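See structure below.
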Amino acid sequence: MKYVNSERGERGAGSGEILYLIKVESAVTGKVAIVMASSRGIGRSIALRLGRDGAAVAVNYVASPEKAEAVVQEIITNGGRSIAIQGNVATKADVTRLFDETEKQLGSIDIVVNVAGVSVFKPHVDLTVK
């Protein structure tokens, strides 16, 4: 959620005028988001932006709990809600747990962002679910 100055308050503090603020809600305010692979890089940036815009964010990581917790703390410090959940999104059981834990702790999921990538060089018909 953001706050912006209204026209009447533009001169700001020290001018003897009252500063008026207008609450601006974004399209994600109050929504619940899972951002896969969000402990660093693009995923981190997306998670932070969603948190800043008012979404509750599940920060997913595979092997960097400290980095994931840093993202969670930054979201919380800026007034948001966030949790870190470990899981490899290439594994069906981990994805199921990621969704279940997010719903249990943050509520019904509205947004899913997948920036995790895996390179597999075989024909699509030869791929199987783990």
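A note on labels: chains of the structure tokens are A, B, ... as shown, every chain counts residues from 1, and ligands are counted from 1 in their shown order.
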- Item | Non-local contacts of region 71-78 of chain A (10 Å; only C-alpha atoms; under 4 positions in same chain excluded) as number ranges by chain | A: 38-40, 44-45, 47-52, 54-59, 65-67, 82-84
Take the residues from that selection and put them in a file with N, CA and C atoms, as an mmCIF file, in the first residue's frame.
```
data_model
loop_
_atom_site.group_PDB
_atom_site.id
_atom_site.type_symbol
_atom_site.label_atom_id
_atom_site.label_comp_id
_atom_site.auth_asym_id
_atom_site.auth_seq_id
_atom_site.Cartn_x
_atom_site.Cartn_y
_atom_site.Cartn_z
ATOM 1 N N SER A 38 12.678 -17.240 -4.869
ATOM 2 C CA SER A 38 12.665 -15.805 -4.582
ATOM 3 C C SER A 38 13.651 -15.369 -3.500
ATOM 4 N N SER A 39 14.649 -16.176 -3.220
ATOM 5 C CA SER A 39 15.638 -15.766 -2.218
ATOM 6 C C SER A 39 16.723 -14.889 -2.822
ATOM 7 N N ARG A 40 16.774 -14.802 -4.154
ATOM 8 C CA ARG A 40 17.788 -13.962 -4.811
ATOM 9 C C ARG A 40 17.344 -13.615 -6.225
ATOM 10 N N ARG A 44 13.664 -12.491 -6.030
ATOM 11 C CA ARG A 44 13.758 -11.614 -4.856
ATOM 12 C C ARG A 44 13.110 -10.264 -5.157
ATOM 13 N N SER A 45 13.450 -9.691 -6.298
ATOM 14 C CA SER A 45 12.889 -8.387 -6.675
ATOM 15 C C SER A 45 11.374 -8.442 -6.799
ATOM 16 N N ALA A 47 9.334 -10.633 -5.294
ATOM 17 C CA ALA A 47 8.774 -10.828 -3.951
ATOM 18 C C ALA A 47 8.740 -9.514 -3.179
ATOM 19 N N LEU A 48 9.831 -8.752 -3.243
ATOM 20 C CA LEU A 48 9.880 -7.466 -2.533
ATOM 21 C C LEU A 48 8.839 -6.495 -3.078
ATOM 22 N N ARG A 49 8.669 -6.461 -4.384
ATOM 23 C CA ARG A 49 7.693 -5.547 -4.986
ATOM 24 C C ARG A 49 6.270 -5.935 -4.596
ATOM 25 N N LEU A 50 5.964 -7.234 -4.663
ATOM 26 C CA LEU A 50 4.630 -7.676 -4.260
ATOM 27 C C LEU A 50 4.364 -7.329 -2.798
ATOM 28 N N GLY A 51 5.366 -7.539 -1.942
ATOM 29 C CA GLY A 51 5.219 -7.193 -0.533
ATOM 30 C C GLY A 51 5.009 -5.707 -0.329
ATOM 31 N N ARG A 52 5.771 -4.891 -1.051
ATOM 32 C CA ARG A 52 5.649 -3.434 -0.948
ATOM 33 C C ARG A 52 4.279 -2.966 -1.427
ATOM 34 N N GLY A 54 1.524 -4.603 -1.066
ATOM 35 C CA GLY A 54 0.455 -5.037 -0.183
ATOM 36 C C GLY A 54 0.088 -6.506 -0.202
ATOM 37 N N ALA A 55 0.797 -7.316 -0.985
ATOM 38 C CA ALA A 55 0.510 -8.757 -0.997
ATOM 39 C C ALA A 55 1.253 -9.439 0.148
ATOM 40 N N ALA A 56 0.658 -10.501 0.689
ATOM 41 C CA ALA A 56 1.361 -11.384 1.617
ATOM 42 C C ALA A 56 2.152 -12.351 0.745
ATOM 43 N N VAL A 57 3.443 -12.527 1.045
ATOM 44 C CA VAL A 57 4.323 -13.252 0.127
ATOM 45 C C VAL A 57 4.965 -14.470 0.775
ATOM 46 N N ALA A 58 4.815 -15.625 0.110
ATOM 47 C CA ALA A 58 5.553 -16.833 0.479
ATOM 48 C C ALA A 58 6.829 -16.843 -0.352
ATOM 49 N N VAL A 59 7.965 -16.741 0.319
ATOM 50 C CA VAL A 59 9.275 -16.718 -0.323
ATOM 51 C C VAL A 59 9.787 -18.154 -0.382
ATOM 52 N N PRO A 65 18.441 -20.678 3.158
ATOM 53 C CA PRO A 65 17.476 -20.170 4.142
ATOM 54 C C PRO A 65 17.800 -18.772 4.654
ATOM 55 N N GLU A 66 19.086 -18.439 4.753
ATOM 56 C CA GLU A 66 19.470 -17.103 5.253
ATOM 57 C C GLU A 66 19.034 -16.021 4.269
ATOM 58 N N LYS A 67 19.242 -16.271 2.986
ATOM 59 C CA LYS A 67 18.840 -15.285 1.973
ATOM 60 C C LYS A 67 17.321 -15.144 1.920
ATOM 61 N N SER A 82 4.982 -12.005 5.377
ATOM 62 C CA SER A 82 5.772 -12.894 4.552
ATOM 63 C C SER A 82 6.265 -14.081 5.356
ATOM 64 N N ILE A 83 6.475 -15.194 4.674
ATOM 65 C CA ILE A 83 7.063 -16.393 5.259
ATOM 66 C C ILE A 83 8.043 -16.973 4.256
ATOM 67 N N ALA A 84 8.987 -17.766 4.754
ATOM 68 C CA ALA A 84 9.922 -18.486 3.885
ATOM 69 C C ALA A 84 9.572 -19.968 3.937
#
```
- Item | Which residue of A:Val115, A:Val129, A:Arg81, A:Asp110 approaches Ala93 (chain A) most closely, using only C-alpha atoms |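 Checking each candidate against Ala93 (chain A), we get A:Val129 as the closest.
Pairwise distance (CA of Asn60 (chain A), CA of Thr102 (chain A)) equals 10.0 Å.
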- Item | Point-to-point distance from CA of Thr91 (chain A) to CA of Gly30 (chain A), Å rounded to tenths |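 Rounded to one decimal, the two atoms are 28.9 Å apart.
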